[in-house]
file work.txt (compact mmCIF, C-alpha atoms)
# COMPACT_ATOMS: atom_id res chain seq x y z
CA MET A 166 92.32 67.90 183.26
CA THR A 167 90.45 70.48 185.39
CA PRO A 168 92.43 73.72 185.61
CA ASP A 169 92.77 75.82 188.73
CA ILE A 170 91.02 78.96 187.47
CA SER A 171 92.46 81.33 190.08
CA SER A 172 96.07 80.31 189.47
CA LEU A 173 95.49 80.43 185.71
CA TYR A 174 94.05 83.94 186.17
CA ARG A 175 97.10 85.10 188.16
CA LEU A 176 99.47 83.63 185.59
CA HIS A 177 97.88 84.97 182.39
CA CYS A 178 95.66 87.90 183.38
CA LYS A 179 97.97 90.78 182.37
CA GLU A 180 99.20 89.04 179.23
CA LEU A 181 95.67 88.21 178.08
CA LEU A 182 94.43 91.72 178.93
CA HIS A 183 97.22 93.20 176.82
CA HIS A 184 96.29 90.83 173.97
CA LEU A 185 92.64 91.90 174.14
CA LEU A 186 93.55 95.57 174.40
CA ARG A 187 95.50 95.34 171.13
CA ILE A 188 92.40 93.93 169.44
CA VAL A 189 89.57 96.08 170.84
CA LYS A 190 91.53 99.28 171.66
CA CYS A 191 89.37 100.01 174.74
CA PRO A 192 90.54 99.19 178.28
CA GLU A 193 87.00 98.78 179.69
CA THR A 194 85.93 96.47 176.88
CA ALA A 195 89.17 94.47 177.15
CA GLU A 196 88.56 93.96 180.89
CA ASP A 197 84.96 92.88 180.27
CA LEU A 198 86.08 90.39 177.63
CA LEU A 199 88.81 89.10 179.95
CA GLN A 200 86.27 88.40 182.69
CA GLU A 201 83.89 86.78 180.24
CA SER A 202 86.70 84.56 178.91
CA TYR A 203 87.47 83.28 182.42
CA LEU A 204 83.76 82.68 183.09
CA ILE A 205 83.48 80.62 179.92
CA LEU A 206 86.61 78.71 180.86
CA ALA A 207 85.21 77.98 184.34
CA ARG A 208 81.81 76.84 183.00
CA THR A 209 83.39 74.69 180.31
CA ALA A 210 85.93 73.16 182.73
CA ASN A 211 83.06 72.04 184.98
CA ASP A 212 81.44 70.10 182.11
CA THR A 213 84.42 68.91 180.04
CA PRO A 214 88.08 68.36 180.68
CA ILE A 215 90.30 71.00 179.01
CA ASP A 216 93.72 69.76 177.92
CA HIS A 217 95.24 73.17 177.15
CA PRO A 218 93.54 75.79 179.34
CA ARG A 219 95.83 78.66 178.26
CA GLY A 220 95.13 77.99 174.56
CA PHE A 221 91.42 77.62 175.29
CA LEU A 222 91.49 80.91 177.18
CA TYR A 223 93.25 82.78 174.35
CA ARG A 224 91.02 81.29 171.67
CA THR A 225 87.91 82.18 173.70
CA ALA A 226 89.14 85.72 174.38
CA SER A 227 90.08 86.26 170.72
CA ASN A 228 86.69 84.98 169.54
CA LEU A 229 84.89 87.25 172.00
CA ALA A 230 86.97 90.22 170.86
CA MET A 231 86.21 89.53 167.19
CA ASP A 232 82.51 89.14 167.97
CA HIS A 233 82.63 92.46 169.81
CA LEU A 234 84.30 94.18 166.84
CA ARG A 235 81.79 92.73 164.37
CA HIS A 236 78.90 93.80 166.57
CA HIS A 237 80.41 97.28 166.95
CA LYS A 238 80.80 97.54 163.17
CA VAL A 239 77.13 96.61 162.62
CA ILE A 240 76.08 99.26 165.12
CA GLU A 241 78.26 101.88 163.41
CA ARG A 242 76.79 101.06 159.99
CA HIS A 243 73.28 101.30 161.39
CA GLN A 244 74.04 104.64 163.05
CA GLU A 245 75.63 105.96 159.86
CA ALA A 246 72.63 104.86 157.78
CA THR A 247 70.28 106.47 160.29
CA ARG A 248 72.35 109.67 160.32
CA HIS A 249 72.39 109.74 156.50
CA LEU A 250 68.63 109.23 156.36
CA ASP A 251 68.11 112.03 158.89
CA GLU A 252 70.33 114.34 156.83
CA LEU A 253 68.39 113.52 153.66
CA GLN A 254 65.08 114.18 155.39
CA LEU A 255 66.36 117.44 156.84
CA ALA A 256 67.73 118.50 153.45
CA GLY A 257 64.34 117.69 151.90
CA VAL A 258 62.50 119.78 154.48
CA GLU A 259 64.95 122.67 154.09
CA SER A 260 64.65 122.48 150.32
CA GLU A 261 60.87 122.42 150.51
CA LEU A 262 60.85 125.44 152.81
CA ALA A 263 63.25 127.31 150.52
CA ASP A 264 61.09 126.47 147.49
CA GLN A 265 57.96 127.59 149.33
CA GLN A 266 59.66 130.81 150.42
CA TRP A 267 60.84 131.35 146.84
CA ARG A 268 57.32 130.87 145.43
CA THR A 269 55.84 133.24 148.01
CA LEU A 270 58.36 135.96 147.19
CA LEU A 271 57.87 135.40 143.46
CA HIS A 272 54.09 135.79 143.82
CA GLN A 273 54.56 138.94 145.91
CA THR A 274 57.00 140.37 143.38
CA ILE A 275 54.69 139.64 140.45
CA TYR A 276 51.79 141.20 142.35
CA GLU A 277 53.85 144.40 142.77
CA LEU A 278 54.07 144.85 138.97
CA PRO A 279 51.77 147.40 137.33
CA PRO A 280 48.47 145.71 136.32
CA ARG A 281 49.05 145.57 132.53
CA CYS A 282 52.63 144.43 132.98
CA ARG A 283 51.54 141.82 135.57
CA ASP A 284 48.84 140.44 133.26
CA ALA A 285 51.23 140.11 130.32
CA PHE A 286 53.90 138.55 132.53
CA ILE A 287 51.51 135.98 134.04
CA LEU A 288 49.98 135.03 130.72
CA HIS A 289 53.38 134.52 129.10
CA LYS A 290 55.60 133.18 131.90
CA ILE A 291 53.09 131.27 134.01
CA HIS A 292 50.48 130.18 131.49
CA GLY A 293 52.90 129.82 128.58
CA LEU A 294 51.08 131.94 126.00
CA SER A 295 53.09 133.35 123.12
CA TYR A 296 53.54 137.10 122.66
CA ARG A 297 50.95 137.01 119.89
CA GLU A 298 48.41 135.18 122.11
CA VAL A 299 49.03 137.57 125.03
CA ALA A 300 48.63 140.55 122.66
CA SER A 301 45.31 139.13 121.48
CA VAL A 302 44.00 138.50 125.02
CA LEU A 303 45.04 141.95 126.32
CA ASP A 304 44.19 143.73 123.07
CA ILE A 305 47.63 145.35 122.77
CA SER A 306 50.46 145.07 120.24
CA GLU A 307 53.09 142.31 120.39
CA SER A 308 55.69 145.02 120.86
CA ALA A 309 53.86 146.24 123.99
CA VAL A 310 53.70 142.65 125.27
CA GLU A 311 57.46 142.32 124.78
CA LYS A 312 58.07 145.57 126.67
CA HIS A 313 55.83 144.47 129.55
CA ILE A 314 57.57 141.07 129.77
CA VAL A 315 61.04 142.67 129.75
CA LYS A 316 59.94 145.18 132.39
CA GLY A 317 58.49 142.37 134.54
CA LEU A 318 61.63 140.25 134.18
CA MET A 319 63.93 143.11 135.12
CA TYR A 320 61.82 143.93 138.17
CA CYS A 321 61.68 140.28 139.30
CA ARG A 322 65.44 139.86 138.86
CA LYS A 323 66.10 142.99 140.85
CA GLN A 324 63.71 142.11 143.68
CA LEU A 325 64.34 138.40 143.95
CA GLY A 326 68.07 138.63 143.38
CA SER A 327 68.37 140.85 146.44
CA HIS A 328 66.47 138.29 148.58
CA PHE A 329 68.41 135.20 147.56
CA GLY A 330 71.66 136.50 146.19
CA ARG A 331 70.80 135.00 142.84
CA PRO A 332 68.91 136.30 139.83
CA TYR A 333 65.43 135.07 138.99
CA ARG A 334 65.62 132.58 136.13
CA THR A 335 62.90 132.74 133.56
CA ASP A 336 63.84 129.82 131.33
call {"tool": "encode", "arguments": {"input": "work.txt", "output": "structure tokens"}}
result
Amino acid sequence: MTPDISSLYRLHCKELLHHLLRIVKCPETAEDLLQESYLILARTANDTPIDHPRGFLYRTASNLAMDHLRHHKVIERHQEATRHLDELQLAGVESELADQQWRTLLHQTIYELPPRCRDAFILHKIHGLSYREVASVLDISESAVEKHIVKGLMYCRKQLGSHFGRPYRTD
């Protein structure tokens, strides 16, 4: 049986549009899917007889709506993954800049220490020498090394803490 598409459209248009709107929740998309459903019905009716045109129309419209929702979901997941990747990259860049800024300020702060204090601090904190080894290199007592390290730590904490709102950690 070949349906009369225009009479079928007049009979079921509003009902089918309402059905599609409940599925896709977007009036423009529902109207597009409605038109596409009738086009498919018209093309199919030209090639093959359709016994139940209303059922065919609803099944076609429902399938198109579900395809639309699946496609929309894939797009959303892709956008979310892209957004997440962008956020990770941005966080990495921000972290790298903060680390670089931190290192620059740390080097400036260490450079501001008195020469003997700076040497002891660098040898112990940066190069990892023990107090005894630092004392031997600088030809001073271990007690003097300890005093220089404490003085350097206090100065760094004071200077760097004011820049970042956090104390300089030495461990």
call {"tool": "residues_around", "arguments": {"input": "work.txt", "residues": "range 179-196 of chain A", "least_positions_apart": "5", "cutoff": "12 Å", "atoms": "all atoms listed in the file", "output": "list in words"}}
result
Leu173, Tyr174, Glu201, Ser202, Tyr203, Arg219, Gly220, Phe221, Leu222, Tyr223, Arg224, Thr225, Ala226, Ser227, Asn228, Leu229, Ala230, Met231, Asp232, His233, Leu234, Arg235, His236, His237 and Lys238 of chain A
call {"tool": "residues_around", "arguments": {"input": "work.txt", "residues": "range 293-308 of chain A", "least_positions_apart": "2", "cutoff": "12 Å", "atoms": "only C-alpha atoms", "output": "number ranges by chain"}}
result
A: 280-291, 310-315, 335-336
call {"tool": "write_last_selection", "arguments": {"input": "work.txt", "atoms": "C-alpha atoms", "output": "mmCIF file, in the frame of the given file"}}
result
data_model
loop_
_atom_site.group_PDB
_atom_site.id
_atom_site.type_symbol
_atom_site.label_atom_id
_atom_site.label_comp_id
_atom_site.auth_asym_id
_atom_site.auth_seq_id
_atom_site.Cartn_x
_atom_site.Cartn_y
_atom_site.Cartn_z
ATOM 1 C CA PRO A 280 48.470 145.710 136.320
ATOM 2 C CA ARG A 281 49.050 145.570 132.530
ATOM 3 C CA CYS A 282 52.630 144.430 132.980
ATOM 4 C CA ARG A 283 51.540 141.820 135.570
ATOM 5 C CA ASP A 284 48.840 140.440 133.260
ATOM 6 C CA ALA A 285 51.230 140.110 130.320
ATOM 7 C CA PHE A 286 53.900 138.550 132.530
ATOM 8 C CA ILE A 287 51.510 135.980 134.040
ATOM 9 C CA LEU A 288 49.980 135.030 130.720
ATOM 10 C CA HIS A 289 53.380 134.520 129.100
ATOM 11 C CA LYS A 290 55.600 133.180 131.900
ATOM 12 C CA ILE A 291 53.090 131.270 134.010
ATOM 13 C CA VAL A 310 53.700 142.650 125.270
ATOM 14 C CA GLU A 311 57.460 142.320 124.780
ATOM 15 C CA LYS A 312 58.070 145.570 126.670
ATOM 16 C CA HIS A 313 55.830 144.470 129.550
ATOM 17 C CA ILE A 314 57.570 141.070 129.770
ATOM 18 C CA VAL A 315 61.040 142.670 129.750
ATOM 19 C CA THR A 335 62.900 132.740 133.560
ATOM 20 C CA ASP A 336 63.840 129.820 131.330
#
call {"tool": "atom_distance", "arguments": {"input": "work.txt", "atom1": "CA of Trp267 in chain A", "atom2": "CA of Ala309 in chain A"}}
result
28.2 Å
call {"tool": "atom_distance", "arguments": {"input": "work.txt", "atom1": "CA of Lys323 in chain A", "atom2": "CA of His272 in chain A"}}
result
14.3 Å
call {"tool": "closest_residue", "arguments": {"input": "work.txt", "among": "A:His249, A:Ile205, A:Pro218, A:Gly257", "to": "Ser172 in chain A", "atoms": "all atoms listed in the file"}}
result
A:Pro218
call {"tool": "atom_distance", "arguments": {"input": "work.txt", "atom1": "CA of Ile170 in chain A", "atom2": "CA of Arg208 in chain A"}}
result
10.5 Å
call {"tool": "closest_residue", "arguments": {"input": "work.txt", "among": "A:Gln273, A:Gly326, A:Cys178, A:Tyr320", "to": "Leu198 in chain A", "atoms": "all atoms listed in the file"}}
result
A:Cys178
call {"tool": "closest_residue", "arguments": {"input": "work.txt", "among": "A:Ala263, A:Met319, A:Asp169, A:Thr269", "to": "Ile215 in chain A", "atoms": "all atoms listed in the file"}}
result
A:Asp169
call {"tool": "decode", "arguments": {"input": "work.txt", "residues": "range 193-236 of chain A", "atoms": "C-alpha atoms", "output": "CSV table (one decimal), in the first residue's frame"}}
result
chain,number,residue,atom,x,y,z
A,193,GLU,CA,14.7,22.5,16.5
A,194,THR,CA,16.2,19.0,16.6
A,195,ALA,CA,12.7,17.4,16.9
A,196,GLU,CA,11.5,19.3,13.8
A,197,ASP,CA,14.6,18.3,11.8
A,198,LEU,CA,14.0,14.7,12.8
A,199,LEU,CA,10.3,14.9,12.0
A,200,GLN,CA,11.2,16.2,8.5
A,201,GLU,CA,13.8,13.5,8.0
A,202,SER,CA,11.3,10.8,9.1
A,203,TYR,CA,8.8,11.9,6.5
A,204,LEU,CA,11.6,12.0,3.8
A,205,ILE,CA,12.6,8.4,4.7
A,206,LEU,CA,9.0,7.3,4.6
A,207,ALA,CA,8.5,9.0,1.1
A,208,ARG,CA,11.7,7.4,-0.3
A,209,THR,CA,10.8,4.0,1.1
A,210,ALA,CA,7.2,4.1,0.0
A,211,ASN,CA,8.4,4.7,-3.6
A,212,ASP,CA,10.5,1.5,-3.5
A,213,THR,CA,8.4,-0.8,-1.3
A,214,PRO,CA,4.9,-1.0,-0.2
A,215,ILE,CA,4.4,-0.1,3.5
A,216,ASP,CA,1.6,-1.9,5.3
A,217,HIS,CA,1.6,0.3,8.4
A,218,PRO,CA,2.8,3.8,7.5
A,219,ARG,CA,2.1,5.3,11.0
A,220,GLY,CA,4.1,2.6,12.7
A,221,PHE,CA,6.9,2.9,10.2
A,222,LEU,CA,6.9,6.6,10.7
A,223,TYR,CA,7.1,6.3,14.5
A,224,ARG,CA,9.8,3.6,14.4
A,225,THR,CA,11.8,5.7,11.9
A,226,ALA,CA,11.5,8.8,14.0
A,227,SER,CA,12.4,7.0,17.2
A,228,ASN,CA,15.5,5.4,15.6
A,229,LEU,CA,16.6,8.8,14.3
A,230,ALA,CA,16.1,10.4,17.7
A,231,MET,CA,18.1,7.6,19.4
A,232,ASP,CA,20.9,7.9,16.8
A,233,HIS,CA,20.9,11.7,17.4
A,234,LEU,CA,21.2,11.2,21.2
A,235,ARG,CA,24.0,8.6,20.8
A,236,HIS,CA,25.9,10.9,18.4
